[in-house]
Amino acid sequence: MKPLLSVVIPIYNEEAGLAKLFARLYPALDALGYRYEIIFVNDGSRDASAAMLADQFRARPDVTRVVLFNGNYGQHMAILAGFHATRGEITVTLDADLQNPPEEIGKLVAKMQEGFDYVGSIRRDRQDSAFRTYASRAMNRLREKLTHIQMTDQGNMLRAYGRNVIDLINRCSEVNTFVPALAYMFARRPTEIIVEHEERSAGESKYSLYSLIRLNFDLITGFSLVPLQFFSIFGMGLSLVSAALFVILLVRRFLLGAEVEGVFTLFAIVFFMIGVVLFGIGIVGEYVGRIYQQVRGRPRYVIQAMLQDKTDHQVEVTDDSTVEV
Ligand code: UDP
Ligand code: MG
């Protein structure tokens, strides 16, 4: 029998908090009374996470399945691999660090049962550093302007997806992506609810400032061409202004003779423009690099092993870009 609810959790070096996660997640799901499955995806952890997941699988093989990657492919790839393994009508994603309270899953499921096929969530009182909170609010606003995706709180992964959305996502082979945005594009009836947020239960955030910037580039480049269009329009405007300036200087030269003053002002303007041009080339590079990764068509992730009950025959975790060992 298929479960109603599939819960997908990506895990990367979370040994310090896994015991607490299990202690809250299973009772919370048992209490809901639905048939459920939990799919943990170990994203190449270098600590004891994989061993702890294996133990947990042995403890609850009826509802636990574990996908083990052979290396670190990132949170969003882990979630996509988890999606391929899901069988439920409703899939919920959450983080392993208990920042998303498992007790909130019931609210998401209830909302889905009202007929929505995508339920996002907004953190009532975000428990992250002030810098993270403000930077992500600014990125949220920028994304709103550059894409058509409506998400109040883009960084929050506690979300529910309908089978139709998961099936469509499973057909995509994007290398650099942002799962909630992808899902939003496929959802027929999306909505959002407010949920609680807690501090990380143990360990540290797995995202450095650098990886956060990369992730936001994935989000913007993956769902918008506006940055490229901005530079072509800016370039067009600038060419017109330069052409006008050229005509003015030409006329002035014949009327008043050549001018050499204001050379440093000119330098300042030129340096500024070189900065803008480099930034523009960088943006083009962000897109070109992603196109390159995409056309190489390498497997997006490699599954080393999958732990699941022997009777789970119908499960196939293969997608075209996945190698199974
Ligand atoms: N994660 C992952 N692979 C990575 C980085 C993170 O699977 O390369 C997982 C991590 O174990 C956690 C979730 O993604 O379950 C969110 O990570 P984290 O809590 O560090 O991010 P933050 O809350 O700081 O945004
Ligand atoms: Mg976290």
# chains A, B, ... in the order shown; residues from 1 in each chain; ligands from 1
>>> closest_atom_pairs(of="chain A", to="ligand 1", cutoff="6 Å", atoms="only C-alpha atoms and all ligand atoms", output="tab-separated table")
residue	atom	partner	partner_atom_place_in_ligand_line	distance
A:Pro10	CA	ligand 1	7 (O)	4.1
A:Ile11	CA	ligand 1	11 (O)	3.7
A:Tyr12	CA	ligand 1	11 (O)	3.8
A:Glu14	CA	ligand 1	11 (O)	5.7
A:Asp43	CA	ligand 1	7 (O)	5.0
A:Asn72	CA	ligand 1	8 (O)	6.0
A:Gly74	CA	ligand 1	8 (O)	3.6
A:Gln75	CA	ligand 1	2 (C)	3.7
A:Ala78	CA	ligand 1	7 (O)	5.9
A:Asp95	CA	ligand 1	15 (O)	3.8
A:Ala96	CA	ligand 1	15 (O)	3.7
A:Asp97	CA	ligand 1	15 (O)	5.6
A:Ser205	CA	ligand 1	20 (O)	3.4
A:Lys206	CA	ligand 1	20 (O)	3.5
A:Tyr207	CA	ligand 1	20 (O)	5.4
>>> residues_near_ligand(ligand="ligand 2", cutoff="12 Å", atoms="only C-alpha atoms and all ligand atoms", output="ChimeraX atom specification")
/A:9-14,17,75,94-101,126-129,132,155-158,197-208
>>> atom_distance(atom1="CA of Gly222 (chain A)", atom2="CA of Leu278 (chain A)")
21.2 Å
>>> closest_residue(among="A:Ala268, A:Leu146, A:Ile291, A:Val241", to="Leu219 (chain A)", atoms="only C-alpha atoms")
A:Leu146
>>> residues_around(residues="Tyr34 (chain A)", least_positions_apart="2", cutoff="10 Å", atoms="only C-alpha atoms", output="ChimeraX atom specification")
/A:3-5,29-32,36-37,106,109
>>> write_last_selection(atoms="C-alpha atoms", output="CSV table (one decimal), in the first residue's frame")
chain,number,residue,atom,x,y,z
A,3,PRO,CA,1.8,5.9,1.9
A,4,LEU,CA,-0.2,9.2,1.8
A,5,LEU,CA,2.7,11.2,3.1
A,29,LEU,CA,4.2,11.6,12.3
A,30,ASP,CA,2.8,8.6,14.2
A,31,ALA,CA,0.4,11.0,15.9
A,32,LEU,CA,-1.0,12.2,12.6
A,36,TYR,CA,3.7,7.7,5.9
A,37,GLU,CA,7.3,7.1,4.8
A,106,GLY,CA,0.3,18.2,10.2
A,109,VAL,CA,-0.9,18.3,5.2
>>> closest_atom_pairs(of="region 2-81 of chain A", to="region 171-190 of chain A", cutoff="8 Å", atoms="only C-alpha atoms", output="CSV")
residue,atom,partner,partner_atom,distance
A:His76,CA,A:Val179,CA,6.2
A:Ile79,CA,A:Val179,CA,7.8
A:Leu80,CA,A:Val179,CA,7.7
>>> write_last_selection(atoms="N, CA and C atoms", output="PDB file, in the first residue's frame")
ATOM      1  N   HIS A  76      19.886  20.799  -2.509  1.00  0.00           N
ATOM      2  CA  HIS A  76      18.792  20.708  -3.478  1.00  0.00           C
ATOM      3  C   HIS A  76      18.871  19.426  -4.313  1.00  0.00           C
ATOM      4  N   ILE A  79      17.455  16.731  -2.148  1.00  0.00           N
ATOM      5  CA  ILE A  79      15.993  16.743  -2.123  1.00  0.00           C
ATOM      6  C   ILE A  79      15.438  16.143  -3.425  1.00  0.00           C
ATOM      7  N   LEU A  80      16.064  16.468  -4.556  1.00  0.00           N
ATOM      8  CA  LEU A  80      15.581  15.926  -5.834  1.00  0.00           C
ATOM      9  C   LEU A  80      15.696  14.403  -5.859  1.00  0.00           C
TER      10      LEU A  80
END
>>> select_by_dssp(residues="region 53-122 of chain A", states="strand (DSSP E)", output="PyMOL selection string")
chain A and resi 64-69+90-93+118-122
>>> write_last_selection(atoms="N, CA and C atoms", output="compact mmCIF listing (two decimals), in the first residue's frame")
# COMPACT_ATOMS: atom_id res chain seq x y z
N THR A 64 10.91 3.83 7.08
CA THR A 64 12.15 4.56 6.85
C THR A 64 12.85 4.07 5.59
N ARG A 65 13.29 4.99 4.77
CA ARG A 65 14.12 4.63 3.62
C ARG A 65 15.27 5.61 3.57
N VAL A 66 16.43 5.11 3.18
CA VAL A 66 17.62 5.96 3.20
C VAL A 66 18.32 5.90 1.84
N VAL A 67 18.55 7.06 1.27
CA VAL A 67 19.31 7.15 0.02
C VAL A 67 20.70 7.64 0.40
N LEU A 68 21.73 6.92 -0.04
CA LEU A 68 23.10 7.32 0.33
C LEU A 68 23.85 7.78 -0.92
N PHE A 69 24.23 9.05 -0.93
CA PHE A 69 25.04 9.58 -2.04
C PHE A 69 26.50 9.18 -1.83
N ILE A 90 1.34 13.25 -1.06
CA ILE A 90 1.84 14.52 -0.56
C ILE A 90 3.29 14.33 -0.14
N THR A 91 4.15 15.23 -0.56
CA THR A 91 5.54 15.16 -0.12
C THR A 91 5.88 16.40 0.67
N VAL A 92 6.48 16.21 1.83
CA VAL A 92 6.88 17.34 2.66
C VAL A 92 8.41 17.33 2.78
N THR A 93 9.04 18.48 2.62
CA THR A 93 10.48 18.56 2.85
C THR A 93 10.73 19.34 4.13
N TYR A 118 0.51 22.94 -3.57
CA TYR A 118 1.82 23.42 -3.12
C TYR A 118 1.57 24.31 -1.92
N VAL A 119 2.12 23.94 -0.80
CA VAL A 119 1.97 24.78 0.39
C VAL A 119 3.35 25.24 0.86
N GLY A 120 3.63 26.51 0.67
CA GLY A 120 4.88 27.09 1.17
C GLY A 120 4.68 27.50 2.60
N SER A 121 5.73 27.96 3.24
CA SER A 121 5.52 28.40 4.62
C SER A 121 6.38 29.61 4.93
N ILE A 122 5.89 30.39 5.86
CA ILE A 122 6.55 31.62 6.27
C ILE A 122 6.93 31.46 7.74
>>> decode(residues="region 136-217 of chain A", atoms="C-alpha atoms", output="PDB file, in the first residue's frame")
ATOM      1  CA  SER A 136      17.887  36.955   2.959  1.00  0.00           C
ATOM      2  CA  ARG A 137      15.067  39.488   3.239  1.00  0.00           C
ATOM      3  CA  ALA A 138      16.901  41.702   0.715  1.00  0.00           C
ATOM      4  CA  MET A 139      17.444  38.733  -1.634  1.00  0.00           C
ATOM      5  CA  ASN A 140      13.813  37.836  -1.278  1.00  0.00           C
ATOM      6  CA  ARG A 141      12.818  41.297  -2.504  1.00  0.00           C
ATOM      7  CA  LEU A 142      15.288  41.230  -5.382  1.00  0.00           C
ATOM      8  CA  ARG A 143      14.015  37.824  -6.472  1.00  0.00           C
ATOM      9  CA  GLU A 144      10.462  39.082  -6.361  1.00  0.00           C
ATOM     10  CA  LYS A 145      11.389  41.816  -8.848  1.00  0.00           C
ATOM     11  CA  LEU A 146      13.429  39.592 -11.172  1.00  0.00           C
ATOM     12  CA  THR A 147      11.224  36.510 -11.342  1.00  0.00           C
ATOM     13  CA  HIS A 148       7.503  35.813 -11.410  1.00  0.00           C
ATOM     14  CA  ILE A 149       7.766  33.540  -8.427  1.00  0.00           C
ATOM     15  CA  GLN A 150       5.756  34.547  -5.407  1.00  0.00           C
ATOM     16  CA  MET A 151       7.304  33.297  -2.197  1.00  0.00           C
ATOM     17  CA  THR A 152       7.167  35.325   0.963  1.00  0.00           C
ATOM     18  CA  ASP A 153       9.997  33.430   2.612  1.00  0.00           C
ATOM     19  CA  GLN A 154      12.173  31.748   0.000  1.00  0.00           C
ATOM     20  CA  GLY A 155      14.821  30.308   2.308  1.00  0.00           C
ATOM     21  CA  ASN A 156      12.427  28.164   4.282  1.00  0.00           C
ATOM     22  CA  MET A 157      12.379  24.521   3.242  1.00  0.00           C
ATOM     23  CA  LEU A 158       9.394  23.324   5.249  1.00  0.00           C
ATOM     24  CA  ARG A 159       7.009  22.902   2.324  1.00  0.00           C
ATOM     25  CA  ALA A 160       4.463  20.453   0.955  1.00  0.00           C
ATOM     26  CA  TYR A 161       4.157  19.382  -2.684  1.00  0.00           C
ATOM     27  CA  GLY A 162       1.409  17.480  -4.468  1.00  0.00           C
ATOM     28  CA  ARG A 163       2.031  14.375  -6.573  1.00  0.00           C
ATOM     29  CA  ASN A 164       1.461  16.333  -9.803  1.00  0.00           C
ATOM     30  CA  VAL A 165       4.191  18.813  -8.855  1.00  0.00           C
ATOM     31  CA  ILE A 166       6.631  16.078  -7.790  1.00  0.00           C
ATOM     32  CA  ASP A 167       6.063  14.153 -11.038  1.00  0.00           C
ATOM     33  CA  LEU A 168       6.849  17.254 -13.080  1.00  0.00           C
ATOM     34  CA  ILE A 169       9.951  18.042 -11.032  1.00  0.00           C
ATOM     35  CA  ASN A 170      11.098  14.439 -11.527  1.00  0.00           C
ATOM     36  CA  ARG A 171      11.016  15.015 -15.264  1.00  0.00           C
ATOM     37  CA  CYS A 172      13.399  17.984 -15.055  1.00  0.00           C
ATOM     38  CA  SER A 173      17.129  17.478 -15.303  1.00  0.00           C
ATOM     39  CA  GLU A 174      18.336  20.843 -14.081  1.00  0.00           C
ATOM     40  CA  VAL A 175      21.823  20.794 -12.637  1.00  0.00           C
ATOM     41  CA  ASN A 176      21.652  24.024 -10.653  1.00  0.00           C
ATOM     42  CA  THR A 177      18.256  24.587  -9.236  1.00  0.00           C
ATOM     43  CA  PHE A 178      16.182  25.795  -6.346  1.00  0.00           C
ATOM     44  CA  VAL A 179      13.491  23.287  -5.488  1.00  0.00           C
ATOM     45  CA  PRO A 180      10.770  25.567  -4.026  1.00  0.00           C
ATOM     46  CA  ALA A 181      10.952  27.889  -7.057  1.00  0.00           C
ATOM     47  CA  LEU A 182      10.804  24.979  -9.495  1.00  0.00           C
ATOM     48  CA  ALA A 183       7.795  23.598  -7.669  1.00  0.00           C
ATOM     49  CA  TYR A 184       6.057  26.957  -7.693  1.00  0.00           C
ATOM     50  CA  MET A 185       6.301  27.042 -11.499  1.00  0.00           C
ATOM     51  CA  PHE A 186       4.482  23.726 -11.787  1.00  0.00           C
ATOM     52  CA  ALA A 187       1.887  24.271  -9.082  1.00  0.00           C
ATOM     53  CA  ARG A 188      -1.683  24.869 -10.193  1.00  0.00           C
ATOM     54  CA  ARG A 189      -2.925  26.083  -6.823  1.00  0.00           C
ATOM     55  CA  PRO A 190      -0.152  27.302  -4.536  1.00  0.00           C
ATOM     56  CA  THR A 191      -0.600  28.837  -1.119  1.00  0.00           C
ATOM     57  CA  GLU A 192       1.386  29.649   2.018  1.00  0.00           C
ATOM     58  CA  ILE A 193       0.914  29.213   5.739  1.00  0.00           C
ATOM     59  CA  ILE A 194       2.752  30.538   8.767  1.00  0.00           C
ATOM     60  CA  VAL A 195       4.886  28.090  10.750  1.00  0.00           C
ATOM     61  CA  GLU A 196       7.164  28.194  13.754  1.00  0.00           C
ATOM     62  CA  HIS A 197      10.926  28.270  13.445  1.00  0.00           C
ATOM     63  CA  GLU A 198      13.495  27.166  15.978  1.00  0.00           C
ATOM     64  CA  GLU A 199      17.188  27.573  16.495  1.00  0.00           C
ATOM     65  CA  ARG A 200      19.448  24.914  15.043  1.00  0.00           C
ATOM     66  CA  SER A 201      19.301  22.017  17.526  1.00  0.00           C
ATOM     67  CA  ALA A 202      22.999  21.130  17.219  1.00  0.00           C
ATOM     68  CA  GLY A 203      25.989  21.612  14.948  1.00  0.00           C
ATOM     69  CA  GLU A 204      26.507  24.545  12.609  1.00  0.00           C
ATOM     70  CA  SER A 205      24.902  25.848   9.453  1.00  0.00           C
ATOM     71  CA  LYS A 206      26.252  23.980   6.430  1.00  0.00           C
ATOM     72  CA  TYR A 207      26.111  27.129   4.329  1.00  0.00           C
ATOM     73  CA  SER A 208      29.056  29.506   4.170  1.00  0.00           C
ATOM     74  CA  LEU A 209      28.561  33.045   2.876  1.00  0.00           C
ATOM     75  CA  TYR A 210      30.069  31.866  -0.407  1.00  0.00           C
ATOM     76  CA  SER A 211      27.667  28.946  -0.808  1.00  0.00           C
ATOM     77  CA  LEU A 212      24.725  31.210   0.043  1.00  0.00           C
ATOM     78  CA  ILE A 213      25.765  33.594  -2.737  1.00  0.00           C
ATOM     79  CA  ARG A 214      26.092  30.656  -5.160  1.00  0.00           C
ATOM     80  CA  LEU A 215      22.668  29.394  -4.168  1.00  0.00           C
ATOM     81  CA  ASN A 216      21.090  32.781  -4.801  1.00  0.00           C
ATOM     82  CA  PHE A 217      22.741  32.933  -8.225  1.00  0.00           C
TER      83      PHE A 217
END
